[in-house]
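Undergrad: To start, I am sharing the structure in question, which I have written as structure tokens.
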Amino acid sequence: MKNCSAWKELLLEAALTETTAGDLQEHLRVCAGCARELAELRARREQLDALLPLMVRGAEPAPEFRVRVLAATHAQDGKKRRSQSWPVWALAITTPLVAVGLMIAIVLNRRTAQTASRTELVMAERLAQWHAPTDALLATPGGEILRTMPKLGDVYLKFPVKTDKEK
């Protein structure tokens with residue numbers, strides 16, 4: 001199966017349904033890898049079909065199965081602990097080296113880091129602010145007046161008035 005990824009779905013379907021399409025049959029005659037893959041998939045399906053009645057009847061694993069799994073787990077944990085334990089001298093050497101390396105990386109990053117200008121930051125903030133398309137429809141003409149506290153003597157609505165000279 002060098003470049004036969006396009007046939008993967010059809011192989012699975014053929015293994016489950018035991019029928020092969022015409023295109024797939026031609027490909028299986030030419031490609032030994034796909035033919036082998038189909039045979040393996042069908043064998044796996046037959047194994048699962050044989051196990052299905054046992055599952056329905058409630059078949060359970062052998063009584064010693066739990067003991068074997070726990071023993072294998074404990075044996076594996078012991079191997080991991082022995083292989084993963086570091087000597088104290090290795091930790092004493094690597095910890096300061098890692099700390100020095102991190103400090104050097106931070107200093108070099110600060111030197112080469114570029115900072116954004118004030119205008120770029122303002123533009124980024126504007127882009128980050130989301131407004132719904134219907135916000136313009138919901139805005140009232142006097143919205144600014146309602147948001148601020150009027151001061152005595154201020155005029156918010158200015159209407160052009162023609163004087164006698166302009167008429």
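In the structure tokens, the first chain shown is A, the next is B, and so on; residue numbers restart at 1 for each chain, and ligands run from 1 in the order shown.
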From a backbone DSSP assignment, name each residue in stretch 13-98 of chain A labelled helix (DSSP H, G or I), as an MDAnalysis selection string.
TA: chainID A and resid 13:17 22:30 32:57 65:84 88:98
Undergrad: Please write the residues from the selection above to a file, keeping C-alpha atoms, as a PDB file, in the first residue's frame.
TA:
ATOM      1  CA  GLU A  13     -16.317  -1.482   3.439  1.00  0.00           C
ATOM      2  CA  ALA A  14     -15.327  -4.588   1.459  1.00  0.00           C
ATOM      3  CA  ALA A  15     -14.044  -6.264   4.633  1.00  0.00           C
ATOM      4  CA  LEU A  16     -17.295  -5.592   6.474  1.00  0.00           C
ATOM      5  CA  THR A  17     -19.754  -6.378   3.701  1.00  0.00           C
ATOM      6  CA  GLY A  22     -15.552  -3.331  -9.690  1.00  0.00           C
ATOM      7  CA  ASP A  23     -12.907  -0.615  -9.326  1.00  0.00           C
ATOM      8  CA  LEU A  24     -11.609  -2.170  -6.134  1.00  0.00           C
ATOM      9  CA  GLN A  25     -11.419  -5.651  -7.676  1.00  0.00           C
ATOM     10  CA  GLU A  26      -9.242  -4.315 -10.486  1.00  0.00           C
ATOM     11  CA  HIS A  27      -7.005  -2.524  -7.971  1.00  0.00           C
ATOM     12  CA  LEU A  28      -6.672  -5.663  -5.826  1.00  0.00           C
ATOM     13  CA  ARG A  29      -5.461  -7.631  -8.854  1.00  0.00           C
ATOM     14  CA  VAL A  30      -2.669  -5.097  -9.382  1.00  0.00           C
ATOM     15  CA  ALA A  32      -0.585  -6.971  -3.539  1.00  0.00           C
ATOM     16  CA  GLY A  33      -0.391  -4.667  -0.505  1.00  0.00           C
ATOM     17  CA  CYS A  34      -4.080  -3.779  -0.680  1.00  0.00           C
ATOM     18  CA  ALA A  35      -5.007  -7.446  -1.228  1.00  0.00           C
ATOM     19  CA  ARG A  36      -3.009  -8.375   1.885  1.00  0.00           C
ATOM     20  CA  GLU A  37      -4.634  -5.511   3.841  1.00  0.00           C
ATOM     21  CA  LEU A  38      -8.106  -6.714   2.791  1.00  0.00           C
ATOM     22  CA  ALA A  39      -7.293 -10.276   3.894  1.00  0.00           C
ATOM     23  CA  GLU A  40      -6.089  -8.984   7.293  1.00  0.00           C
ATOM     24  CA  LEU A  41      -9.203  -6.843   7.729  1.00  0.00           C
ATOM     25  CA  ARG A  42     -11.473  -9.780   6.898  1.00  0.00           C
ATOM     26  CA  ALA A  43      -9.574 -12.033   9.348  1.00  0.00           C
ATOM     27  CA  ARG A  44      -9.937  -9.401  12.059  1.00  0.00           C
ATOM     28  CA  ARG A  45     -13.661  -9.103  11.329  1.00  0.00           C
ATOM     29  CA  GLU A  46     -14.061 -12.884  11.608  1.00  0.00           C
ATOM     30  CA  GLN A  47     -12.277 -12.861  14.978  1.00  0.00           C
ATOM     31  CA  LEU A  48     -14.565 -10.128  16.260  1.00  0.00           C
ATOM     32  CA  ASP A  49     -17.622 -11.939  14.917  1.00  0.00           C
ATOM     33  CA  ALA A  50     -16.514 -15.070  16.792  1.00  0.00           C
ATOM     34  CA  LEU A  51     -16.109 -13.107  20.031  1.00  0.00           C
ATOM     35  CA  LEU A  52     -19.469 -11.364  19.782  1.00  0.00           C
ATOM     36  CA  PRO A  53     -21.574 -14.328  21.055  1.00  0.00           C
ATOM     37  CA  LEU A  54     -19.239 -14.661  24.035  1.00  0.00           C
ATOM     38  CA  MET A  55     -19.757 -11.005  24.893  1.00  0.00           C
ATOM     39  CA  VAL A  56     -23.521 -11.372  24.648  1.00  0.00           C
ATOM     40  CA  ARG A  57     -23.472 -14.344  27.014  1.00  0.00           C
ATOM     41  CA  PHE A  65      -6.122 -12.455  34.493  1.00  0.00           C
ATOM     42  CA  ARG A  66      -6.405  -9.622  37.057  1.00  0.00           C
ATOM     43  CA  VAL A  67      -3.462 -11.007  39.062  1.00  0.00           C
ATOM     44  CA  ARG A  68      -1.297 -11.296  35.910  1.00  0.00           C
ATOM     45  CA  VAL A  69      -2.097  -7.719  34.824  1.00  0.00           C
ATOM     46  CA  LEU A  70      -1.322  -6.287  38.276  1.00  0.00           C
ATOM     47  CA  ALA A  71       1.936  -8.258  38.492  1.00  0.00           C
ATOM     48  CA  ALA A  72       3.002  -7.035  35.051  1.00  0.00           C
ATOM     49  CA  THR A  73       2.135  -3.454  36.021  1.00  0.00           C
ATOM     50  CA  HIS A  74       4.161  -3.621  39.227  1.00  0.00           C
ATOM     51  CA  ALA A  75       7.107  -5.142  37.380  1.00  0.00           C
ATOM     52  CA  GLN A  76       6.934  -2.407  34.743  1.00  0.00           C
ATOM     53  CA  ASP A  77       6.732   0.323  37.438  1.00  0.00           C
ATOM     54  CA  GLY A  78       9.887  -1.033  39.067  1.00  0.00           C
ATOM     55  CA  LYS A  79      11.747  -0.917  35.743  1.00  0.00           C
ATOM     56  CA  LYS A  80      10.599   2.645  35.082  1.00  0.00           C
ATOM     57  CA  ARG A  81      11.668   3.844  38.518  1.00  0.00           C
ATOM     58  CA  ARG A  82      15.119   2.377  38.106  1.00  0.00           C
ATOM     59  CA  SER A  83      15.582   3.763  34.605  1.00  0.00           C
ATOM     60  CA  GLN A  84      14.109   7.195  35.303  1.00  0.00           C
ATOM     61  CA  VAL A  88      21.758  13.820  42.575  1.00  0.00           C
ATOM     62  CA  TRP A  89      24.923  15.142  40.934  1.00  0.00           C
ATOM     63  CA  ALA A  90      23.195  15.190  37.523  1.00  0.00           C
ATOM     64  CA  LEU A  91      20.349  17.271  38.918  1.00  0.00           C
ATOM     65  CA  ALA A  92      22.806  19.596  40.660  1.00  0.00           C
ATOM     66  CA  ILE A  93      24.577  20.264  37.344  1.00  0.00           C
ATOM     67  CA  THR A  94      21.608  20.496  34.980  1.00  0.00           C
ATOM     68  CA  THR A  95      19.411  22.780  37.091  1.00  0.00           C
ATOM     69  CA  PRO A  96      21.803  25.786  37.088  1.00  0.00           C
ATOM     70  CA  LEU A  97      22.600  25.209  33.400  1.00  0.00           C
ATOM     71  CA  VAL A  98      18.931  25.322  32.496  1.00  0.00           C
TER      72      VAL A  98
END
